[in-house]
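Q: Here it is: the structure, laid out below.
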Amino acid sequence: MSLNVNGQQFINNLVILSEKGKQFTLYVNDEKINPIPEAIVKAFNLGKGWQKIKIEFGEGKDSSLKDSVCIKAFEKNVNKELTYKIVEELTNNKLKYKLVFVSESDFSGPKSPNVPDAPVEKVMVVDNNLYGNLYQAKDNKPIFFKNYNEETKQCEVKLTDDEIQFAINLFNKTTDMADKFMNVDISIERNCYSTEQLIKLLNLYEIEMEKLKMARKAYWHLTDRNNAANLSKSFKFDAIKSQYQVFLKDVANESKQINLKCITPTAEKEFDLIFSNLNKIRDDYEKIKVAKKYVIENCFNTIQIAKIMDLFSHDREKMEFAYAAQEVVTDKENLAKLAEAIQFGENKKEFLKIISK
């Protein structure tokens, strides 16, 4: 049933997508939405209040997800499309699923779009040609070349504007939604390109958080990293632009840390002054900001890092500071000992897992 908010009809769409491209069947309030399993499913004309969600993956009785989504009757929610993604988590060697909110936007399309009368065959490419240094079509599927070296962070070849257009053409001719975005992901992950070329690929993404994720991953693939700030032009929302700017700042800070070539830790007298300054700050939010500034321009040993970690009340800030300080630790062989400053066992395991990489 549609409702009115200040005279406006209150209807919403709900989009559910699989982060891994896994196909599923969606039920909303016990109504089956898609007759055939798909990786992206949209439910139309939802009213306010709690919407009961059930997702089945067809992999046995345990491969399902049950959750609820609340659509609040605010004016800003009138005629909006809410997007959630399905995230996979491995807990006690058992695969679990959960829904994570992605974005709220205007409607992206009608319930019944114009489609040809005849069914469209789901093929990705229609020839067996070579498309520059990007991919070769074999048996109606693209076989992508890998030009990016993870270790050196360089490419033997760089994509030309023509090859970027090949990627866009492949996106446009691919009819399966999961394959569309998988092809863009692979094109970005396996190649090098300029900032302006990357913007063309990022603009193919429909979800801003996915676009941000790929922009971060693509930073090291850029042939003109000095222009990386220009990627902000591809983002629609100020909040996403702000997150990308934070990422660029973190990259710049890490570069400064590496250039310090830390061998000798800060002298005890200087460290005592830093410790005293941080200890005077009562708010953990402000304290972590100041502490992270210190590790941009100073070297520390793990004993000093552990002392600063003890100044924070929660594991969240303790771990955030330890991660930020990794590059300036003079005795990296002792990094695992920092886990002793973390309170909860699960957090200790997560910390040790991350630093081991």
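Chain lettering (A, B, ...) mirrors the order of the structure tokens, residue numbering begins at 1 for each chain separately, and ligand numbering begins at 1 in order of display.
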Run DSSP on the backbone of this structure and report the residues of region 7-208 of chain A it assigns to strand (DSSP E or B), as a ChimeraX atom specification.
A: /A:8-10,12-18,24-28,31-32,38,40-46,49-56,64-71,80-91,94-105,130-131,135-138,141-144,148-149,154-155,193
Q: Taking only region 50-204 of chain A into account, list the residues labelled alpha helix (DSSP H) by DSSP (computed from the backbone), as a VMD selection string.
A: chain A and resid 161 to 173 177 to 189 195 to 202
Q: Can you pull out the residues contacting region 311-323 of chain A? Cut-off 8 Å, using only C-alpha atoms, and skip same-chain residues under 6 positions away; I want them as a PyMOL selection string.
A: chain A and resi 278-279+284+288+291-292+305+338+341-344+347+351+355
Q: Could you write out that same residue set with C-alpha atoms as a compact mmCIF listing (two decimals), in the first residue's frame?
A:
# COMPACT_ATOMS: atom_id res chain seq x y z
CA LEU A 278 48.88 12.80 24.13
CA ASN A 279 48.05 11.94 27.74
CA ASP A 284 39.98 9.48 22.11
CA ILE A 288 44.03 9.38 17.65
CA ALA A 291 48.85 10.48 17.58
CA LYS A 292 48.69 9.64 13.87
CA ILE A 305 54.14 2.22 20.37
CA LEU A 338 51.78 -5.18 20.11
CA ALA A 341 48.13 -4.15 24.27
CA ILE A 342 44.80 -5.21 22.72
CA GLN A 343 42.07 -6.27 25.15
CA PHE A 344 39.83 -8.77 23.35
CA ASN A 347 40.67 -8.25 18.02
CA PHE A 351 45.46 -7.58 14.35
CA ILE A 355 50.19 -7.33 10.25
Q: Quick one: of A:Leu82, A:Ile53, A:Ala178, A:Leu65, who's nearest to Asp30 (chain A), counting only C-alpha atoms?
A: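 Closest to Asp30 (chain A) of all the choices is A:Ile53.
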Q: In terms of the shortest atom-to-atom distance over only C-alpha atoms, which of A:Lys307, A:Cys299, A:Lys20, A:Leu46 is closest to Asp185 (chain A)?
A: A:Lys20
Q: For Gln304 (chain A), work out the shell of residues within 12 Å, counting only C-alpha atoms and skipping chain neighbours fewer than 5 positions away, then give it as JSON, numbers by chain.
A: {"A": [265, 266, 267, 268, 269, 270, 271, 272, 274, 275, 295, 298, 299, 309, 310, 311, 322, 325, 328, 329, 330, 331, 334, 335, 337, 338, 341]}
Q: Rounded to one decimal place, report the CA of Trp50 (chain A)-CA of Lys96 (chain A) distance in Å.
A: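 Distance between the two atoms: 22.5 Å.
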Q: Near Ser194 (chain A), counting only C-alpha atoms, which residues have an atom at most 8 Å away, once you skip same-chain residues fewer than 2 positions from it, shown as number ranges by chain?
A: A: 192, 196-198, 222-224
Q: Which residue, A:Ile281, A:Val246, A:Leu170, A:Cys262, has the smallest gap to Asn140 (chain A) when you use only C-alpha atoms?
A: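 The closest residue to Asn140 (chain A) is A:Leu170.
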Q: Determine, counting only C-alpha atoms, which protein, DNA and RNA residues have an atom within 8 Å of an atom of Glu19 (chain A); residues of the same chain fewer than 5 positions away are not included. Present the result as a list in words.
A: Lys85, Ile86, Val87 and Glu88 of chain A
Q: Counting only C-alpha atoms, what is within 9 Å of region 151-157 of chain A, bar same-chain residues fewer than 2 positions away, as a VMD selection string?
A: chain A and resid 133 146 to 149 159 190 to 192 220 to 223
Q: Could you please determine the separation between CA of Ala252 (chain A) and CA of Phe300 (chain A) in Å, to one decimal place?
A: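 Result for CA of Ala252 (chain A) versus CA of Phe300 (chain A): 19.3 Å, one decimal.
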Q: Just the number, please: distance in Å from CA of Asn203 (chain A) to CA of Met182 (chain A), one decimal.
A: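 Going from CA of Asn203 (chain A) over to CA of Met182 (chain A) covers 14.4 Å.
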